[in-house]
$ cat model_39.csv   # CSV, C-alpha atoms
chain,number,residue,atom,x,y,z
A,25,MET,CA,0.0,0.0,0.0
A,26,PRO,CA,1.4,3.5,-0.9
A,27,ILE,CA,2.7,5.5,2.1
A,28,GLU,CA,0.2,8.3,1.5
A,29,SER,CA,-2.7,5.8,1.8
A,30,LEU,CA,-1.3,4.4,5.0
A,31,GLU,CA,-0.9,7.9,6.4
A,32,GLU,CA,-4.5,8.7,5.3
A,33,LEU,CA,-5.8,5.6,7.1
A,34,LEU,CA,-3.9,6.6,10.3
A,35,SER,CA,-5.1,10.1,10.1
A,36,GLU,CA,-8.8,8.9,9.8
A,37,GLU,CA,-8.3,6.6,12.8
A,38,LYS,CA,-6.8,9.5,14.8
A,39,GLU,CA,-9.7,11.8,13.9
A,40,ALA,CA,-12.3,9.1,14.8
A,41,ARG,CA,-10.6,8.4,18.2
A,42,GLU,CA,-10.5,12.1,19.0
A,43,ILE,CA,-14.2,12.5,18.2
A,44,ARG,CA,-15.1,9.5,20.3
A,45,ARG,CA,-13.1,10.8,23.3
A,46,ARG,CA,-14.5,14.3,23.0
A,47,MET,CA,-18.2,13.3,22.6
A,48,ALA,CA,-18.3,10.5,25.2
A,49,ASP,CA,-20.3,11.1,28.3
A,50,TRP,CA,-17.4,10.3,30.7
A,51,ARG,CA,-19.6,10.6,33.8
A,52,PHE,CA,-21.8,7.9,32.4
A,53,ILE,CA,-18.8,5.7,31.5
A,54,GLU,CA,-17.2,6.0,34.9
A,55,SER,CA,-20.5,5.1,36.6
A,56,GLN,CA,-20.7,1.7,34.9
A,57,PRO,CA,-19.6,-1.6,36.4
A,58,PRO,CA,-15.9,-2.4,35.6
A,59,ARG,CA,-16.5,-4.8,32.7
A,60,ILE,CA,-18.8,-2.4,30.9
A,61,ARG,CA,-16.6,0.6,31.7
A,62,GLU,CA,-13.5,-1.0,30.4
A,63,ALA,CA,-15.3,-2.2,27.2
A,64,LEU,CA,-16.5,1.4,26.5
A,65,LYS,CA,-13.0,2.7,27.0
A,66,TYR,CA,-11.6,0.0,24.7
A,67,TYR,CA,-14.1,1.0,22.1
A,68,ILE,CA,-13.2,4.7,22.4
A,69,GLU,CA,-9.5,3.9,21.8
A,70,THR,CA,-9.9,1.2,19.1
A,71,GLY,CA,-13.3,1.6,17.4
A,72,ASP,CA,-13.5,-2.2,17.4
A,73,ILE,CA,-17.1,-2.8,18.2
A,74,ARG,CA,-17.0,-6.6,18.1
A,75,ARG,CA,-14.2,-7.0,20.5
A,76,ALA,CA,-15.6,-4.3,22.8
A,77,ALA,CA,-19.0,-6.0,22.8
A,78,LYS,CA,-17.3,-9.3,23.8
A,79,LEU,CA,-15.4,-7.5,26.6
A,80,ALA,CA,-18.7,-6.1,27.8
A,81,GLY,CA,-20.3,-9.5,27.6
A,82,LEU,CA,-23.1,-8.1,25.4
A,83,ALA,CA,-24.5,-8.9,22.0
A,84,LEU,CA,-23.3,-6.5,19.2
A,85,GLU,CA,-26.6,-4.6,18.9
A,86,ASP,CA,-27.0,-4.3,22.7
A,87,PHE,CA,-23.5,-2.8,22.8
A,88,ARG,CA,-24.4,-0.4,20.0
A,89,SER,CA,-27.3,0.8,22.2
A,90,LEU,CA,-24.9,1.2,25.1
A,91,LEU,CA,-22.6,3.3,23.0
A,92,ARG,CA,-25.6,5.6,22.2
A,93,ARG,CA,-26.4,5.9,25.9
A,94,ALA,CA,-22.7,6.8,26.6
A,95,ARG,CA,-22.9,9.4,23.7
A,96,ILE,CA,-20.0,7.6,21.9
A,97,PRO,CA,-20.5,7.9,18.2
A,98,VAL,CA,-19.5,5.4,15.5
A,99,VAL,CA,-17.2,7.2,13.2
A,100,VAL,CA,-16.9,5.4,9.8
B,3,MET,CA,-24.5,0.9,-14.1
B,4,HIS,CA,-27.2,0.4,-11.5
B,5,ARG,CA,-26.7,-2.8,-9.6
B,6,PRO,CA,-29.9,-4.5,-8.4
B,7,PHE,CA,-28.5,-6.4,-5.5
B,8,ALA,CA,-26.6,-5.6,-2.3
B,9,VAL,CA,-25.6,-7.6,0.8
B,10,ALA,CA,-25.7,-6.0,4.2
B,11,ASP,CA,-23.8,-6.7,7.4
B,12,THR,CA,-25.0,-6.3,11.0
B,13,CYS,CA,-23.3,-2.9,11.7
B,14,PHE,CA,-25.0,-1.4,8.7
B,15,LEU,CA,-28.5,-2.8,9.5
B,16,ILE,CA,-28.6,-1.8,13.1
B,17,ASP,CA,-27.8,1.8,12.4
B,18,TRP,CA,-29.7,2.1,9.2
B,19,ALA,CA,-32.9,0.7,10.9
B,20,ARG,CA,-32.9,3.9,13.1
B,21,TYR,CA,-32.7,6.3,10.1
B,22,ARG,CA,-35.9,8.2,9.4
B,23,ARG,CA,-35.6,7.5,5.6
B,24,ARG,CA,-34.5,3.9,6.0
B,25,ASP,CA,-36.9,2.6,3.2
B,26,ILE,CA,-35.0,4.5,0.5
B,27,LEU,CA,-32.7,1.5,0.6
B,28,PHE,CA,-35.3,-0.5,-1.2
B,29,LYS,CA,-35.7,2.1,-3.9
B,30,LEU,CA,-32.0,1.8,-4.7
B,31,PHE,CA,-31.8,-2.0,-4.7
B,32,ARG,CA,-34.2,-4.7,-6.0
B,33,THR,CA,-33.2,-6.9,-3.1
B,34,VAL,CA,-30.8,-6.5,-0.2
B,35,PHE,CA,-29.5,-9.9,1.0
B,36,VAL,CA,-28.8,-10.6,4.7
B,37,PRO,CA,-26.6,-13.6,5.4
B,38,GLU,CA,-27.9,-15.9,8.1
B,39,GLN,CA,-24.9,-15.1,10.3
B,40,VAL,CA,-25.9,-11.5,10.2
B,41,LEU,CA,-29.5,-12.1,11.0
B,42,ASP,CA,-28.5,-14.1,14.0
B,43,GLU,CA,-27.0,-10.9,15.5
B,44,ILE,CA,-30.1,-8.8,15.2
B,45,ARG,CA,-31.9,-8.4,18.5
B,46,SER,CA,-33.7,-5.1,19.1
B,47,GLU,CA,-37.4,-4.8,18.6
B,48,ASN,CA,-37.1,-1.9,16.2
B,49,THR,CA,-34.5,-3.6,14.0
B,50,VAL,CA,-36.2,-7.0,14.0
B,51,ALA,CA,-39.6,-5.4,13.2
B,52,TRP,CA,-38.1,-3.4,10.3
B,53,ILE,CA,-36.2,-6.5,9.0
B,54,ALA,CA,-39.3,-8.8,9.3
B,55,GLY,CA,-41.4,-6.3,7.4
B,56,ALA,CA,-38.9,-6.0,4.6
B,57,LEU,CA,-38.4,-9.7,4.4
B,58,ALA,CA,-42.2,-10.2,4.1
B,59,ARG,CA,-42.3,-7.7,1.2
B,60,GLY,CA,-39.3,-9.4,-0.5
B,61,TRP,CA,-37.2,-6.2,-0.1
B,62,LEU,CA,-34.8,-8.1,2.1
B,63,SER,CA,-33.9,-11.7,1.5
B,64,LEU,CA,-32.1,-14.2,3.6
B,65,TYR,CA,-28.8,-15.4,2.1
B,66,THR,CA,-27.4,-18.9,3.0
B,67,PRO,CA,-23.7,-18.9,2.2
B,68,SER,CA,-22.3,-22.1,0.6
B,69,SER,CA,-19.6,-24.1,2.3
B,70,MET,CA,-17.1,-22.6,-0.3
B,71,GLU,CA,-18.1,-19.1,0.6
B,72,VAL,CA,-17.7,-19.8,4.3
B,73,GLU,CA,-14.3,-21.3,3.7
B,74,GLU,CA,-13.3,-18.2,1.7
B,75,ALA,CA,-14.6,-16.0,4.5
B,76,ILE,CA,-12.5,-17.8,7.0
B,77,ARG,CA,-9.4,-17.2,4.9
B,78,LEU,CA,-10.3,-13.5,4.7
B,79,VAL,CA,-10.6,-13.3,8.5
B,80,GLU,CA,-7.2,-15.0,8.8
B,81,TRP,CA,-5.8,-12.5,6.3
B,82,SER,CA,-7.1,-9.6,8.4
B,83,ARG,CA,-5.3,-11.0,11.5
B,84,LEU,CA,-2.0,-11.3,9.6
B,85,HIS,CA,-2.1,-7.6,8.4
B,86,PRO,CA,-1.9,-5.2,11.3
B,87,GLN,CA,-2.8,-2.2,9.1
B,88,ALA,CA,-6.1,-3.8,8.2
B,89,ALA,CA,-8.8,-3.4,10.9
B,90,ALA,CA,-10.1,-6.7,12.1
B,91,ILE,CA,-12.7,-8.5,9.9
B,92,ASP,CA,-15.0,-11.0,11.5
B,93,MET,CA,-17.1,-13.7,9.9
B,94,PRO,CA,-20.3,-11.8,9.3
B,95,GLU,CA,-18.5,-9.0,7.4
B,96,ALA,CA,-16.1,-11.4,5.7
B,97,LEU,CA,-19.1,-13.3,4.3
B,98,CYS,CA,-20.6,-10.1,2.9
B,99,LEU,CA,-17.3,-9.3,1.2
B,100,VAL,CA,-17.0,-12.8,-0.2
B,101,VAL,CA,-20.6,-12.6,-1.5
B,102,GLY,CA,-19.8,-9.2,-2.9
B,103,ARG,CA,-16.8,-10.5,-4.7
B,104,ARG,CA,-18.4,-13.7,-6.1
B,105,ARG,CA,-21.8,-12.3,-7.0
B,106,GLY,CA,-21.0,-8.7,-7.8
B,107,TYR,CA,-23.3,-7.4,-5.0
B,108,ILE,CA,-22.6,-4.1,-3.4
B,109,VAL,CA,-21.5,-4.6,0.2
B,110,LEU,CA,-23.3,-2.4,2.8
B,111,THR,CA,-21.3,-2.1,6.0
B,112,GLU,CA,-20.2,0.3,8.7
B,113,ASN,CA,-17.3,-2.0,9.7
B,114,ARG,CA,-14.0,-0.3,9.1
B,115,GLY,CA,-12.2,-3.6,8.3
B,116,ALA,CA,-14.7,-4.4,5.6
B,117,LEU,CA,-14.6,-0.9,4.3
B,118,LEU,CA,-10.8,-1.0,3.9
B,119,ALA,CA,-10.6,-4.5,2.5
B,120,PRO,CA,-10.8,-3.5,-1.2
B,121,ARG,CA,-8.0,-1.0,-0.7
B,122,LEU,CA,-5.7,-3.4,1.2
B,123,ASN,CA,-6.4,-6.9,-0.3
B,124,LYS,CA,-6.0,-7.2,-4.1
B,125,ASP,CA,-8.4,-10.2,-4.2
B,126,TYR,CA,-11.2,-7.8,-3.1
B,127,SER,CA,-10.1,-4.7,-5.0
B,128,GLY,CA,-13.1,-5.1,-7.4
B,129,VAL,CA,-15.7,-5.2,-4.6
B,130,GLU,CA,-17.8,-2.1,-4.1
B,131,VAL,CA,-18.3,-1.3,-0.5
B,132,TRP,CA,-20.8,1.4,0.6
B,133,ARG,CA,-21.4,3.0,4.0
B,134,ALA,CA,-24.6,4.9,4.8
B,135,LEU,CA,-22.8,7.9,3.3
B,136,GLU,CA,-22.5,6.3,-0.1
B,137,VAL,CA,-26.1,5.0,0.1
B,138,ILE,CA,-27.5,8.5,0.8
B,139,LEU,CA,-25.3,10.0,-1.9
B,140,GLU,CA,-26.5,7.5,-4.5
B,141,ALA,CA,-30.1,8.2,-3.4
B,142,LEU,CA,-29.5,11.9,-4.1
B,143,ARG,CA,-27.9,11.2,-7.4
B,144,ARG,CA,-30.8,9.1,-8.5
B,145,GLY,CA,-33.4,11.6,-7.3
B,146,ILE,CA,-34.8,9.2,-4.6
B,147,LEU,CA,-33.8,11.9,-2.0
B,148,GLU,CA,-34.1,15.6,-2.7
B,149,PRO,CA,-31.1,17.7,-1.6
B,150,ASN,CA,-31.5,20.7,0.6
B,151,CYS,CA,-29.5,23.1,-1.7
B,152,GLU,CA,-29.4,25.9,0.9
B,153,ARG,CA,-27.9,23.5,3.5
B,154,PRO,CA,-26.3,20.6,1.5
B,155,ASP,CA,-25.1,18.8,4.6
B,156,THR,CA,-28.6,18.4,6.0
B,157,VAL,CA,-29.2,15.0,4.5
B,158,PHE,CA,-26.1,13.6,6.2
B,159,ARG,CA,-26.8,15.4,9.5
B,160,GLU,CA,-30.2,13.8,9.7
B,161,TYR,CA,-28.6,10.4,9.5
B,162,SER,CA,-26.1,11.3,12.2
B,163,LEU,CA,-28.8,12.7,14.5
B,164,ASP,CA,-31.0,9.5,14.1
B,165,THR,CA,-28.1,7.1,14.6
B,166,LEU,CA,-25.3,8.8,16.5
B,167,HIS,CA,-23.1,7.7,13.6
B,168,LEU,CA,-20.7,10.3,12.2
B,169,PHE,CA,-18.7,10.3,9.0
B,170,PRO,CA,-15.0,11.2,8.7
B,171,SER,CA,-14.6,14.9,7.9
B,172,LYS,CA,-12.8,14.3,4.6
B,173,ALA,CA,-15.4,11.9,3.3
B,174,LEU,CA,-18.3,14.2,4.5
B,175,GLU,CA,-16.7,17.2,2.8
B,176,GLU,CA,-16.4,15.3,-0.5
B,177,ALA,CA,-20.1,14.2,-0.2
B,178,VAL,CA,-21.3,17.7,0.5
B,179,LYS,CA,-19.3,19.0,-2.5
B,180,GLU,CA,-21.1,16.5,-4.6
B,181,VAL,CA,-24.5,17.6,-3.3
B,182,ARG,CA,-23.6,21.2,-4.3
B,183,ARG,CA,-22.7,20.0,-7.8
B,184,LEU,CA,-26.0,18.2,-8.0
B,185,CYS,CA,-27.9,21.3,-7.0
B,186,LEU,CA,-26.0,23.4,-9.6
B,187,SER,CA,-26.7,20.8,-12.3
B,188,ARG,CA,-30.4,20.9,-11.5
B,189,ALA,CA,-30.7,24.7,-11.2
$ encode --input "model_39.csv" --output "structure tokens"
Amino acid sequence: MPIESLEELLSEEKEAREIRRRMADWRFIESQPPRIREALKYYIETGDIRRAAKLAGLALEDFRSLLRRARIPVVV
Amino acid sequence: MHRPFAVADTCFLIDWARYRRRDILFKLFRTVFVPEQVLDEIRSENTVAWIAGALARGWLSLYTPSSMEVEEAIRLVEWSRLHPQAAAIDMPEALCLVVGRRRGYIVLTENRGALLAPRLNKDYSGVEVWRALEVILEALRRGILEPNCERPDTVFREYSLDTLHLFPSKALEEAVKEVRRLCLSRA
């Protein structure tokens, strides 16, 4: 893959991570039980919804609903 | 050329089902296929009700992958694990990409790994992968949605408001530019 494409991908990932961090309702996140809390933080950092849902012990769609409650956007 | 078929993954469907104009999907495609593995992941009442209604009308159709397609999807999942620059691809998305490659269907996804696969894996370079952004843009091009020419970003903001799904700034900027061009061409 050309370097500029790789840089573009990294830049998109960085932008998405910053948006997730900025928009997240941190008070809501910190008030959650440890497993849910860490899964939400993992999602904010990685954007990997499947592994985050597994960490939370939730089905994918239930985790997506939890993201909305935590005001964490999907950025794709 | 207009393609009549698409195949949708879970991430696309669970967000799209919340969009106020969700049924435009069925004006763009004759049938949207949903692999069994994707349907298994759908749980909420809203999404299930929408999918059930669309299945009943024949707008959505269940897709049962063949053993060869499943085998190819496993290889694609393995490939994604071997390439750190590629975001992870799991079986439901992998199956959609395989069906897209073999059948020429447009792949509908919000999964970053699936979105990047055609750029990173030459075997999938011919697969057309759309997010909600591309679906909305195509609906505007084909006159299924009317643009707000005074505020060309409105149509994308509506989707974001309904779903809490945002588009990367560069992609959104390009899409808004295209809406402006459409408005000018119709003026």
$ closest_atom_pairs --input "model_39.csv" --of "chain A" --to "chain B" --cutoff "6 Å" --atoms "only C-alpha atoms" --output "Markdown table"
| residue | atom | partner | partner_atom | distance |
| --- | --- | --- | --- | --- |
| A:Pro97 | CA | B:Leu166 | CA | 5.2 |
| A:Val98 | CA | B:His167 | CA | 4.7 |
| A:Val99 | CA | B:Leu168 | CA | 4.8 |
| A:Val100 | CA | B:Phe169 | CA | 5.3 |
$ atom_distance --input "model_39.csv" --atom1 "atom CA of B:Glu130" --atom2 "atom CA of B:Val50"
26.3 Å
$ residues_around --input "model_39.csv" --residues "A:Tyr66" --least-positions-apart "5" --cutoff "12 Å" --atoms "all atoms listed in the file" --output "list in words"
Arg41, Arg44, Arg45, Ile53, Pro58, Arg59, Ile60, Arg61, Gly71, Asp72, Ile73, Arg74, Arg75, Ala76, Ala77, Lys78, Leu79, Ala80, Leu91 and Ile96 of chain A
$ write_last_selection --input "model_39.csv" --atoms "C-alpha atoms" --output "short mmCIF file (atom, residue, chain, number, x, y, z; two decimals), in the frame of the given file"
data_model
loop_
_atom_site.label_atom_id
_atom_site.label_comp_id
_atom_site.auth_asym_id
_atom_site.auth_seq_id
_atom_site.Cartn_x
_atom_site.Cartn_y
_atom_site.Cartn_z
CA ARG A 41 -10.60 8.40 18.20
CA ARG A 44 -15.10 9.50 20.30
CA ARG A 45 -13.10 10.80 23.30
CA ILE A 53 -18.80 5.70 31.50
CA PRO A 58 -15.90 -2.40 35.60
CA ARG A 59 -16.50 -4.80 32.70
CA ILE A 60 -18.80 -2.40 30.90
CA ARG A 61 -16.60 0.60 31.70
CA GLY A 71 -13.30 1.60 17.40
CA ASP A 72 -13.50 -2.20 17.40
CA ILE A 73 -17.10 -2.80 18.20
CA ARG A 74 -17.00 -6.60 18.10
CA ARG A 75 -14.20 -7.00 20.50
CA ALA A 76 -15.60 -4.30 22.80
CA ALA A 77 -19.00 -6.00 22.80
CA LYS A 78 -17.30 -9.30 23.80
CA LEU A 79 -15.40 -7.50 26.60
CA ALA A 80 -18.70 -6.10 27.80
CA LEU A 91 -22.60 3.30 23.00
CA ILE A 96 -20.00 7.60 21.90
#
$ atom_distance --input "model_39.csv" --atom1 "atom CA of B:Val36" --atom2 "atom CA of B:Asp11"
6.9 Å
$ atom_distance --input "model_39.csv" --atom1 "atom CA of A:Ser89" --atom2 "atom CA of B:Ala116"
21.5 Å
$ residues_around --input "model_39.csv" --residues "B:Asp155" --least-positions-apart "5" --cutoff "10 Å" --atoms "all atoms listed in the file" --output "list in words"
Pro149, Asn150, Glu160, Leu174, Glu175, Ala177, Val178, Lys179, Val181 and Arg182 of chain B
$ residues_around --input "model_39.csv" --residues "B:Ile76" --least-positions-apart "6" --cutoff "12 Å" --atoms "only C-alpha atoms" --output "list in words"
Ser69, Met70, Ser82, Arg83, Ile91, Asp92, Met93, Pro94, Glu95, Ala96, Leu97, Cys98, Leu99 and Val100 of chain B
$ residues_around --input "model_39.csv" --residues "B:Arg22" --least-positions-apart "2" --cutoff "9 Å" --atoms "all atoms listed in the file" --output "MDAnalysis selection string"
chainID B and resid 18:20 24:25 160:161 164
$ residues_around --input "model_39.csv" --residues "B:Ile26" --least-positions-apart "3" --cutoff "10 Å" --atoms "all atoms listed in the file" --output "list of chain:residue names"
B:Arg22, B:Arg23, B:Lys29, B:Leu30, B:Phe31, B:Val137, B:Ile138, B:Ala141, B:Ile146, B:Leu147
$ residues_near_point --input "model_39.csv" --point "(-29.8, 24.5, -4.9)" --cutoff "6 Å" --atoms "only C-alpha atoms" --output "list of chain:residue names"
B:Cys151, B:Glu152, B:Cys185
$ closest_residue --input "model_39.csv" --among "A:Ala83, A:Glu62, A:Leu34, A:Ile68" --to "A:Met47" --atoms "only C-alpha atoms"
A:Ile68
$ closest_residue --input "model_39.csv" --among "A:Lys38, A:Glu54, A:Glu31, A:Glu85" --to "B:Val40" --atoms "only C-alpha atoms"
A:Glu85
$ build_atoms --input "model_39.csv" --residues "stretch 92-119 of chain B" --atoms "N, CA and C atoms" --output "PDB file, keeping the file's coordinate frame"
ATOM      1  N   ASP B  92     -14.415  -9.820  10.889  1.00  0.00           N
ATOM      2  CA  ASP B  92     -15.000 -11.000  11.500  1.00  0.00           C
ATOM      3  C   ASP B  92     -15.902 -11.712  10.484  1.00  0.00           C
ATOM      4  N   MET B  93     -16.359 -12.897  10.854  1.00  0.00           N
ATOM      5  CA  MET B  93     -17.100 -13.700   9.900  1.00  0.00           C
ATOM      6  C   MET B  93     -18.291 -13.038   9.224  1.00  0.00           C
ATOM      7  N   PRO B  94     -19.172 -12.357   9.972  1.00  0.00           N
ATOM      8  CA  PRO B  94     -20.300 -11.800   9.300  1.00  0.00           C
ATOM      9  C   PRO B  94     -19.928 -10.798   8.164  1.00  0.00           C
ATOM     10  N   GLU B  95     -18.936  -9.935   8.459  1.00  0.00           N
ATOM     11  CA  GLU B  95     -18.500  -9.000   7.400  1.00  0.00           C
ATOM     12  C   GLU B  95     -17.720  -9.692   6.326  1.00  0.00           C
ATOM     13  N   ALA B  96     -16.911 -10.670   6.729  1.00  0.00           N
ATOM     14  CA  ALA B  96     -16.100 -11.400   5.700  1.00  0.00           C
ATOM     15  C   ALA B  96     -17.076 -12.102   4.734  1.00  0.00           C
ATOM     16  N   LEU B  97     -18.152 -12.670   5.244  1.00  0.00           N
ATOM     17  CA  LEU B  97     -19.100 -13.300   4.300  1.00  0.00           C
ATOM     18  C   LEU B  97     -19.717 -12.333   3.356  1.00  0.00           C
ATOM     19  N   CYS B  98     -20.015 -11.139   3.847  1.00  0.00           N
ATOM     20  CA  CYS B  98     -20.600 -10.100   2.900  1.00  0.00           C
ATOM     21  C   CYS B  98     -19.572  -9.769   1.848  1.00  0.00           C
ATOM     22  N   LEU B  99     -18.295  -9.631   2.217  1.00  0.00           N
ATOM     23  CA  LEU B  99     -17.300  -9.300   1.200  1.00  0.00           C
ATOM     24  C   LEU B  99     -17.116 -10.446   0.204  1.00  0.00           C
ATOM     25  N   VAL B 100     -17.171 -11.667   0.688  1.00  0.00           N
ATOM     26  CA  VAL B 100     -17.000 -12.800  -0.200  1.00  0.00           C
ATOM     27  C   VAL B 100     -18.235 -12.863  -1.177  1.00  0.00           C
ATOM     28  N   VAL B 101     -19.420 -12.646  -0.647  1.00  0.00           N
ATOM     29  CA  VAL B 101     -20.600 -12.600  -1.500  1.00  0.00           C
ATOM     30  C   VAL B 101     -20.519 -11.482  -2.510  1.00  0.00           C
ATOM     31  N   GLY B 102     -20.035 -10.337  -2.023  1.00  0.00           N
ATOM     32  CA  GLY B 102     -19.800  -9.200  -2.900  1.00  0.00           C
ATOM     33  C   GLY B 102     -18.890  -9.514  -4.038  1.00  0.00           C
ATOM     34  N   ARG B 103     -17.801 -10.200  -3.718  1.00  0.00           N
ATOM     35  CA  ARG B 103     -16.800 -10.500  -4.700  1.00  0.00           C
ATOM     36  C   ARG B 103     -17.334 -11.578  -5.723  1.00  0.00           C
ATOM     37  N   ARG B 104     -17.985 -12.611  -5.190  1.00  0.00           N
ATOM     38  CA  ARG B 104     -18.400 -13.700  -6.100  1.00  0.00           C
ATOM     39  C   ARG B 104     -19.655 -13.374  -6.891  1.00  0.00           C
ATOM     40  N   ARG B 105     -20.566 -12.598  -6.301  1.00  0.00           N
ATOM     41  CA  ARG B 105     -21.800 -12.300  -7.000  1.00  0.00           C
ATOM     42  C   ARG B 105     -21.953 -10.953  -7.563  1.00  0.00           C
ATOM     43  N   GLY B 106     -20.973 -10.086  -7.266  1.00  0.00           N
ATOM     44  CA  GLY B 106     -21.000  -8.700  -7.800  1.00  0.00           C
ATOM     45  C   GLY B 106     -22.037  -7.848  -7.048  1.00  0.00           C
ATOM     46  N   TYR B 107     -22.408  -8.242  -5.841  1.00  0.00           N
ATOM     47  CA  TYR B 107     -23.300  -7.400  -5.000  1.00  0.00           C
ATOM     48  C   TYR B 107     -22.560  -6.285  -4.386  1.00  0.00           C
ATOM     49  N   ILE B 108     -23.232  -5.171  -4.190  1.00  0.00           N
ATOM     50  CA  ILE B 108     -22.600  -4.100  -3.400  1.00  0.00           C
ATOM     51  C   ILE B 108     -22.701  -4.466  -1.931  1.00  0.00           C
ATOM     52  N   VAL B 109     -21.602  -4.263  -1.228  1.00  0.00           N
ATOM     53  CA  VAL B 109     -21.500  -4.600   0.200  1.00  0.00           C
ATOM     54  C   VAL B 109     -21.873  -3.388   1.032  1.00  0.00           C
ATOM     55  N   LEU B 110     -22.864  -3.524   1.894  1.00  0.00           N
ATOM     56  CA  LEU B 110     -23.300  -2.400   2.800  1.00  0.00           C
ATOM     57  C   LEU B 110     -22.723  -2.721   4.170  1.00  0.00           C
ATOM     58  N   THR B 111     -21.902  -1.814   4.669  1.00  0.00           N
ATOM     59  CA  THR B 111     -21.300  -2.100   6.000  1.00  0.00           C
ATOM     60  C   THR B 111     -20.917  -0.762   6.660  1.00  0.00           C
ATOM     61  N   GLU B 112     -20.774  -0.822   7.961  1.00  0.00           N
ATOM     62  CA  GLU B 112     -20.200   0.300   8.700  1.00  0.00           C
ATOM     63  C   GLU B 112     -18.970  -0.223   9.460  1.00  0.00           C
ATOM     64  N   ASN B 113     -18.474  -1.360   9.047  1.00  0.00           N
ATOM     65  CA  ASN B 113     -17.300  -2.000   9.700  1.00  0.00           C
ATOM     66  C   ASN B 113     -16.054  -1.492   8.967  1.00  0.00           C
ATOM     67  N   ARG B 114     -15.152  -0.895   9.727  1.00  0.00           N
ATOM     68  CA  ARG B 114     -14.000  -0.300   9.100  1.00  0.00           C
ATOM     69  C   ARG B 114     -13.099  -1.344   8.391  1.00  0.00           C
ATOM     70  N   GLY B 115     -12.987  -2.523   8.985  1.00  0.00           N
ATOM     71  CA  GLY B 115     -12.200  -3.600   8.300  1.00  0.00           C
ATOM     72  C   GLY B 115     -12.772  -3.933   6.980  1.00  0.00           C
ATOM     73  N   ALA B 116     -14.080  -4.067   6.901  1.00  0.00           N
ATOM     74  CA  ALA B 116     -14.700  -4.400   5.600  1.00  0.00           C
ATOM     75  C   ALA B 116     -14.594  -3.257   4.628  1.00  0.00           C
ATOM     76  N   LEU B 117     -14.686  -2.052   5.138  1.00  0.00           N
ATOM     77  CA  LEU B 117     -14.600  -0.900   4.300  1.00  0.00           C
ATOM     78  C   LEU B 117     -13.197  -0.759   3.635  1.00  0.00           C
ATOM     79  N   LEU B 118     -12.181  -1.140   4.406  1.00  0.00           N
ATOM     80  CA  LEU B 118     -10.800  -1.000   3.900  1.00  0.00           C
ATOM     81  C   LEU B 118     -10.345  -2.195   3.071  1.00  0.00           C
ATOM     82  N   ALA B 119     -11.024  -3.318   3.195  1.00  0.00           N
ATOM     83  CA  ALA B 119     -10.600  -4.500   2.500  1.00  0.00           C
ATOM     84  C   ALA B 119     -10.273  -4.355   1.029  1.00  0.00           C
TER      85      ALA B 119
END
